[in-house]
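**Q** So that you have it, the file is work.cif, and it contains mmCIF, C-alpha atoms and all ligand atoms; chains and numbers go by the auth columns:
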data_upload
loop_
_atom_site.group_PDB
_atom_site.id
_atom_site.type_symbol
_atom_site.label_atom_id
_atom_site.label_comp_id
_atom_site.label_asym_id
_atom_site.label_seq_id
_atom_site.Cartn_x
_atom_site.Cartn_y
_atom_site.Cartn_z
_atom_site.B_iso_or_equiv
_atom_site.auth_seq_id
_atom_site.auth_asym_id
ATOM 1 C CA MET A 1 3.928 -6.573 -22.143 0.00 1 H
ATOM 2 C CA PRO A 2 3.895 -10.335 -21.291 0.00 2 H
ATOM 3 C CA ASP A 3 1.219 -12.561 -22.772 0.00 3 H
ATOM 4 C CA GLY A 4 -1.946 -12.548 -20.720 0.00 4 H
ATOM 5 C CA THR A 5 -1.302 -9.131 -19.236 0.00 5 H
ATOM 6 C CA VAL A 6 -4.383 -6.951 -19.027 0.00 6 H
ATOM 7 C CA GLU A 7 -4.171 -3.218 -19.417 0.00 7 H
ATOM 8 C CA LYS A 8 -6.899 -1.406 -17.548 0.00 8 H
ATOM 9 C CA CYS A 9 -7.281 2.022 -15.978 0.00 9 H
ATOM 10 C CA GLY A 10 -3.983 3.106 -17.531 0.00 10 H
ATOM 11 C CA PHE A 11 -1.746 0.531 -15.901 0.00 11 H
ATOM 12 C CA GLU A 12 -0.814 -3.076 -16.477 0.00 12 H
ATOM 13 C CA ILE A 13 -2.271 -5.872 -14.355 0.00 13 H
ATOM 14 C CA PHE A 14 0.026 -8.872 -13.955 0.00 14 H
ATOM 15 C CA GLU A 15 -0.511 -12.388 -12.755 0.00 15 H
ATOM 16 C CA PHE A 16 1.575 -13.168 -9.646 0.00 16 H
ATOM 17 C CA GLU A 17 4.315 -15.007 -11.565 0.00 17 H
ATOM 18 C CA GLU A 18 4.449 -12.295 -14.240 0.00 18 H
ATOM 19 C CA ALA A 19 4.879 -9.563 -11.633 0.00 19 H
ATOM 20 C CA LEU A 20 7.717 -11.449 -9.935 0.00 20 H
ATOM 21 C CA ALA A 21 9.370 -12.065 -13.310 0.00 21 H
ATOM 22 C CA THR A 22 9.651 -8.304 -13.809 0.00 22 H
ATOM 23 C CA VAL A 23 12.168 -8.351 -10.923 0.00 23 H
ATOM 24 C CA ASN A 24 13.710 -11.672 -12.021 0.00 24 H
ATOM 25 C CA LEU A 25 12.184 -13.787 -9.269 0.00 25 H
ATOM 26 C CA LYS A 26 10.170 -16.992 -9.161 0.00 26 H
ATOM 27 C CA PRO A 27 7.660 -17.814 -6.381 0.00 27 H
ATOM 28 C CA GLN A 28 9.872 -20.584 -4.979 0.00 28 H
ATOM 29 C CA GLU A 29 12.733 -18.089 -4.592 0.00 29 H
ATOM 30 C CA ILE A 30 10.785 -15.926 -2.123 0.00 30 H
ATOM 31 C CA ASP A 31 12.295 -16.256 1.390 0.00 31 H
ATOM 32 C CA VAL A 32 9.987 -14.016 3.385 0.00 32 H
ATOM 33 C CA ILE A 33 6.388 -12.855 3.188 0.00 33 H
ATOM 34 C CA ILE A 34 5.184 -10.271 5.705 0.00 34 H
ATOM 35 C CA HIS A 35 1.399 -10.163 5.620 0.00 35 H
ATOM 36 C CA THR A 36 -0.472 -7.061 6.652 0.00 36 H
ATOM 37 C CA HIS A 37 -3.535 -9.242 7.182 0.00 37 H
ATOM 38 C CA LEU A 38 -5.092 -12.449 5.891 0.00 38 H
ATOM 39 C CA HIS A 39 -8.006 -11.345 3.732 0.00 39 H
ATOM 40 C CA ASN A 40 -8.021 -13.663 0.737 0.00 40 H
ATOM 41 C CA ASP A 41 -6.934 -10.957 -1.729 0.00 41 H
ATOM 42 C CA HIS A 42 -3.615 -10.701 0.116 0.00 42 H
ATOM 43 C CA CYS A 43 -2.547 -14.313 0.541 0.00 43 H
ATOM 44 C CA GLU A 44 -3.961 -16.604 -2.124 0.00 44 H
ATOM 45 C CA ASN A 45 -0.572 -17.000 -3.838 0.00 45 H
ATOM 46 C CA ASP A 46 1.309 -17.976 -0.690 0.00 46 H
ATOM 47 C CA TYR A 47 1.170 -21.671 -1.539 0.00 47 H
ATOM 48 C CA LYS A 48 3.375 -21.040 -4.573 0.00 48 H
ATOM 49 C CA CYS A 49 6.153 -19.674 -2.342 0.00 49 H
ATOM 50 C CA THR A 50 7.241 -23.037 -1.022 0.00 50 H
ATOM 51 C CA GLY A 51 10.435 -21.749 0.602 0.00 51 H
ATOM 52 C CA ALA A 52 8.995 -18.722 2.371 0.00 52 H
ATOM 53 C CA ASP A 53 8.545 -17.899 6.035 0.00 53 H
ATOM 54 C CA VAL A 54 5.235 -16.062 6.409 0.00 54 H
ATOM 55 C CA TYR A 55 5.035 -13.422 9.174 0.00 55 H
ATOM 56 C CA VAL A 56 1.547 -12.660 10.501 0.00 56 H
ATOM 57 C CA GLN A 57 0.203 -11.210 13.738 0.00 57 H
ATOM 58 C CA LYS A 58 -0.847 -13.834 16.306 0.00 58 H
ATOM 59 C CA ALA A 59 -4.309 -12.255 16.668 0.00 59 H
ATOM 60 C CA GLU A 60 -4.809 -12.398 12.892 0.00 60 H
ATOM 61 C CA VAL A 61 -3.890 -16.096 12.747 0.00 61 H
ATOM 62 C CA GLU A 62 -6.305 -16.858 15.600 0.00 62 H
ATOM 63 C CA PHE A 63 -9.136 -15.026 13.828 0.00 63 H
ATOM 64 C CA PHE A 64 -8.209 -16.694 10.516 0.00 64 H
ATOM 65 C CA LYS A 65 -8.564 -20.125 12.146 0.00 65 H
ATOM 66 C CA LYS A 66 -11.957 -19.230 13.591 0.00 66 H
ATOM 67 C CA PRO A 67 -13.370 -16.292 11.608 0.00 67 H
ATOM 68 C CA HIS A 68 -16.598 -14.564 12.540 0.00 68 H
ATOM 69 C CA PRO A 69 -19.275 -14.957 9.835 0.00 69 H
ATOM 70 C CA ILE A 70 -19.515 -11.171 9.479 0.00 70 H
ATOM 71 C CA ASP A 71 -16.129 -11.197 7.722 0.00 71 H
ATOM 72 C CA HIS A 72 -16.252 -13.683 4.846 0.00 72 H
ATOM 73 C CA ARG A 73 -12.831 -12.873 3.337 0.00 73 H
ATOM 74 C CA TYR A 74 -10.904 -15.598 5.163 0.00 74 H
ATOM 75 C CA TYR A 75 -10.261 -18.745 3.095 0.00 75 H
ATOM 76 C CA SER A 76 -9.302 -21.583 5.397 0.00 76 H
ATOM 77 C CA ASP A 77 -6.747 -23.364 3.220 0.00 77 H
ATOM 78 C CA VAL A 78 -4.476 -20.559 2.013 0.00 78 H
ATOM 79 C CA LEU A 79 -1.742 -21.129 4.624 0.00 79 H
ATOM 80 C CA ASP A 80 -1.733 -24.933 4.537 0.00 80 H
ATOM 81 C CA ASP A 81 1.589 -25.301 2.737 0.00 81 H
ATOM 82 C CA VAL A 82 3.689 -22.491 4.199 0.00 82 H
ATOM 83 C CA ASN A 83 5.684 -21.902 7.372 0.00 83 H
ATOM 84 C CA VAL A 84 3.764 -19.341 9.436 0.00 84 H
ATOM 85 C CA ILE A 85 5.680 -17.273 12.023 0.00 85 H
ATOM 86 C CA GLU A 86 3.385 -15.511 14.481 0.00 86 H
ATOM 87 C CA VAL A 87 4.276 -12.014 15.680 0.00 87 H
ATOM 88 C CA ASP A 88 2.681 -10.507 18.800 0.00 88 H
ATOM 89 C CA GLY A 89 2.397 -6.715 18.582 0.00 89 H
ATOM 90 C CA ASP A 90 5.061 -4.277 17.387 0.00 90 H
ATOM 91 C CA ALA A 91 8.296 -6.072 16.518 0.00 91 H
ATOM 92 C CA ASN A 92 11.575 -5.786 14.679 0.00 92 H
ATOM 93 C CA ILE A 93 11.628 -8.482 11.987 0.00 93 H
ATOM 94 C CA PHE A 94 14.888 -7.757 10.153 0.00 94 H
ATOM 95 C CA ASP A 95 17.471 -5.015 10.187 0.00 95 H
ATOM 96 C CA GLY A 96 15.565 -1.917 9.052 0.00 96 H
ATOM 97 C CA ILE A 97 12.179 -3.642 8.858 0.00 97 H
ATOM 98 C CA ASP A 98 9.622 -3.449 11.671 0.00 98 H
ATOM 99 C CA VAL A 99 5.977 -4.389 11.939 0.00 99 H
ATOM 100 C CA ILE A 100 3.526 -2.054 13.689 0.00 100 H
ATOM 101 C CA PHE A 101 0.327 -3.495 15.137 0.00 101 H
ATOM 102 C CA THR A 102 -2.554 -1.635 13.457 0.00 102 H
ATOM 103 C CA PRO A 103 -5.875 -3.399 14.103 0.00 103 H
ATOM 104 C CA GLY A 104 -9.291 -2.185 13.026 0.00 104 H
ATOM 105 C CA HIS A 105 -9.604 -3.194 9.379 0.00 105 H
ATOM 106 C CA THR A 106 -9.015 -6.688 10.722 0.00 106 H
ATOM 107 C CA VAL A 107 -8.482 -8.061 14.231 0.00 107 H
ATOM 108 C CA GLY A 108 -4.728 -8.466 13.829 0.00 108 H
ATOM 109 C CA GLY A 109 -3.604 -6.106 11.097 0.00 109 H
ATOM 110 C CA GLN A 110 0.003 -4.951 10.995 0.00 110 H
ATOM 111 C CA SER A 111 1.751 -2.233 9.001 0.00 111 H
ATOM 112 C CA ILE A 112 5.262 -2.651 7.650 0.00 112 H
ATOM 113 C CA LEU A 113 7.866 0.003 8.436 0.00 113 H
ATOM 114 C CA ILE A 114 10.974 0.100 6.258 0.00 114 H
ATOM 115 C CA ASN A 115 13.835 2.425 7.168 0.00 115 H
ATOM 116 C CA THR A 116 15.026 4.020 3.938 0.00 116 H
ATOM 117 C CA SER A 117 17.574 6.719 3.156 0.00 117 H
ATOM 118 C CA ASN A 118 14.575 9.049 2.650 0.00 118 H
ATOM 119 C CA GLY A 119 12.946 8.229 6.000 0.00 119 H
ATOM 120 C CA LYS A 120 10.422 5.761 7.348 0.00 120 H
ATOM 121 C CA ALA A 121 8.304 4.218 4.601 0.00 121 H
ATOM 122 C CA ILE A 122 5.185 2.480 5.915 0.00 122 H
ATOM 123 C CA ILE A 123 2.953 0.085 4.027 0.00 123 H
ATOM 124 C CA THR A 124 -0.372 0.429 5.807 0.00 124 H
ATOM 125 C CA GLY A 125 -1.777 -2.737 7.308 0.00 125 H
ATOM 126 C CA PHE A 126 -5.318 -1.846 6.416 0.00 126 H
ATOM 127 C CA CYS A 127 -7.022 -1.450 3.076 0.00 127 H
ATOM 128 C CA CYS A 128 -7.106 2.240 2.188 0.00 128 H
ATOM 129 C CA ASN A 129 -5.951 4.741 -0.418 0.00 129 H
ATOM 130 C CA GLU A 130 -4.574 8.258 -0.535 0.00 130 H
ATOM 131 C CA LYS A 131 -8.000 9.690 0.371 0.00 131 H
ATOM 132 C CA ASN A 132 -7.623 8.171 3.836 0.00 132 H
ATOM 133 C CA PHE A 133 -4.699 10.543 4.410 0.00 133 H
ATOM 134 C CA PRO A 134 -5.790 14.092 3.553 0.00 134 H
ATOM 135 C CA ALA A 135 -3.192 16.856 3.732 0.00 135 H
ATOM 136 C CA THR A 136 -5.009 18.501 6.636 0.00 136 H
ATOM 137 C CA GLY A 137 -7.028 17.080 9.510 0.00 137 H
ATOM 138 C CA PRO A 138 -7.043 13.574 10.899 0.00 138 H
ATOM 139 C CA ALA A 139 -6.541 10.445 8.830 0.00 139 H
ATOM 140 C CA VAL A 140 -9.738 8.642 7.846 0.00 140 H
ATOM 141 C CA ALA A 141 -10.463 5.152 9.176 0.00 141 H
ATOM 142 C CA SER A 142 -10.474 2.323 6.657 0.00 142 H
ATOM 143 C CA GLY A 143 -14.000 2.192 5.204 0.00 143 H
ATOM 144 C CA VAL A 144 -13.983 -1.575 5.636 0.00 144 H
ATOM 145 C CA HIS A 145 -13.419 -2.331 9.299 0.00 145 H
ATOM 146 C CA ILE A 146 -14.190 -4.765 12.039 0.00 146 H
ATOM 147 C CA ASN A 147 -13.738 -2.101 14.727 0.00 147 H
ATOM 148 C CA VAL A 148 -14.040 1.501 13.558 0.00 148 H
ATOM 149 C CA MET A 149 -12.413 3.051 16.653 0.00 149 H
ATOM 150 C CA GLU A 150 -9.342 0.839 16.331 0.00 150 H
ATOM 151 C CA ALA A 151 -9.285 1.536 12.577 0.00 151 H
ATOM 152 C CA TYR A 152 -9.334 5.276 13.275 0.00 152 H
ATOM 153 C CA ASP A 153 -6.580 5.038 15.887 0.00 153 H
ATOM 154 C CA SER A 154 -4.421 2.879 13.604 0.00 154 H
ATOM 155 C CA ALA A 155 -4.743 5.402 10.771 0.00 155 H
ATOM 156 C CA GLN A 156 -3.646 8.266 13.085 0.00 156 H
ATOM 157 C CA LYS A 157 -0.729 6.187 14.388 0.00 157 H
ATOM 158 C CA ILE A 158 0.588 5.468 10.899 0.00 158 H
ATOM 159 C CA LYS A 159 0.071 9.025 9.666 0.00 159 H
ATOM 160 C CA ALA A 160 2.135 10.302 12.606 0.00 160 H
ATOM 161 C CA MET A 161 4.951 7.781 12.127 0.00 161 H
ATOM 162 C CA ALA A 162 5.430 7.704 8.366 0.00 162 H
ATOM 163 C CA ASP A 163 7.699 9.912 6.285 0.00 163 H
ATOM 164 C CA ILE A 164 6.592 7.999 3.187 0.00 164 H
ATOM 165 C CA LEU A 165 3.052 6.617 3.284 0.00 165 H
ATOM 166 C CA ILE A 166 2.194 3.640 1.117 0.00 166 H
ATOM 167 C CA PRO A 167 -1.586 3.082 1.290 0.00 167 H
ATOM 168 C CA LEU A 168 -2.287 -0.579 0.659 0.00 168 H
ATOM 169 C CA HIS A 169 -4.905 -0.255 -2.068 0.00 169 H
ATOM 170 C CA ASP A 170 -3.837 2.972 -3.722 0.00 170 H
ATOM 171 C CA LEU A 171 -3.848 2.528 -7.501 0.00 171 H
ATOM 172 C CA SER A 172 -0.885 4.903 -7.862 0.00 172 H
ATOM 173 C CA ILE A 173 1.220 2.272 -6.049 0.00 173 H
ATOM 174 C CA GLY A 174 0.326 -0.207 -8.773 0.00 174 H
ATOM 175 C CA ARG A 175 1.489 2.232 -11.405 0.00 175 H
ATOM 176 C CA ALA A 176 4.779 3.040 -9.661 0.00 176 H
ATOM 177 C CA LYS A 177 7.884 1.171 -10.747 0.00 177 H
ATOM 178 C CA SER A 178 9.618 2.049 -7.491 0.00 178 H
ATOM 179 C CA ILE A 179 8.828 3.805 -4.221 0.00 179 H
ATOM 180 C CA PRO A 180 10.893 6.981 -3.608 0.00 180 H
HETATM 181 ZN ZN ZN B . -8.373 -6.296 3.708 0.00 201 N
#
In structure tokens, how does this file's structure come out?
**A**
Amino acid sequence: MPDGTVEKCGFEIFEFEEALATVNLKPQEIDVIIHTHLHNDHCENDYKCTGADVYVQKAEVEFFKKPHPIDHRYYSDVLDDVNVIEVDGDANIFDGIDVIFTPGHTVGGQSILINTSNGKAIITGFCCNEKNFPATGPAVASGVHINVMEAYDSAQKIKAMADILIPLHDLSIGRAKSIP
């Protein structure tokens, strides 16, 4: 375990640089960042990735620049030093990687679809965990939302599309060394 690593809840918590080092990368070697949304807990390390293109939905960037006071998790300076590429709706970003517009948790959330040999893996664009996707019945809207009806619809959309669901805030994802 690297110095400074905290063990809590049965899994290791790494600083950003420590986590990248586990896959032999440094922040300045990152070429691409695809953001699900711009809440501060998702993008405060962007400035360290000086060579990266940062893909974000156009609606999310617009809200980020002029956030409503009801949502205080937008920090105005986190994208100052990176190259932002705005995406408008569903789009193919790279071969085998698409973004799916999934608003509700935020105004311009997007989920990331990766075509794998085991099917479509989707990283949800809204903060949720495995409890949002019960085995039976409809998916559950993100508990934190700016529009609950859009959040509900986005959850159903992703549940229907995904062969492999990767809920954004599920602790089991943090424990996993790889995604099947
Ligand atoms: Zn969030």
**Q** Selection in question (the file shown): the PyMOL selection byres (((not hetatm)) within 12 of (chain N and resi 201)). Which residues does it include, as a ChimeraX atom specification?
**A** /H:35-43,60,71-74,103-110,124-128,142-146,151,167-169
**Q** Give me the result of the PyMOL selection byres (((chain H and resi 45-57) around 6) and not hetatm) on this file, residue by residue, as an MDAnalysis selection string.
**A** chainID H and resid 27:28 30:35 43:44 58:60 81 83:88 108
**Q** Report the distance between atom CA of Leu165 of chain H and atom CA of Ala121 of chain H in Å, rounded to one decimal place.
**A** 5.9 Å
**Q** List the neighbours of Gly119 of chain H out to 12 Å using only C-alpha atoms; skip same-chain residues closer than 3 positions along the sequence, and give me the result as a list of chain:residue names.
**A**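 The neighbour list is H:Gly96, H:Leu113, H:Ile114, H:Asn115, H:Thr116, H:Ile122, H:Met161, H:Ala162, H:Asp163, H:Ile164, H:Leu165, H:Ile179, H:Pro180.
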**Q** Which residues, named as in the file, does the PyMOL selection byres (((chain H and resi 152) around 9) and not hetatm) pick out? Answer as a list in words.
**A**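 Selected by the PyMOL selection byres (((chain H and resi 152) around 9) and not hetatm) here: Gly104, Pro138, Ala139, Val140, Ala141, Ser142, Asn147, Val148, Met149, Glu150, Ala151, Asp153, Ser154, Ala155, Gln156 and Lys157 of chain H.
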**Q** Have a look at atom CA of Ile158 of chain H and atom CA of Ala91 of chain H and let me know their distance in Å, one decimal.
**A** 15.0 Å
**Q** Please measure the separation of atom CA of Lys131 of chain H and atom CA of Asp170 of chain H, giving the value in Å to one decimal.
**A**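 According to the coordinates, atom CA of Lys131 of chain H and atom CA of Asp170 of chain H are separated by 8.9 Å.
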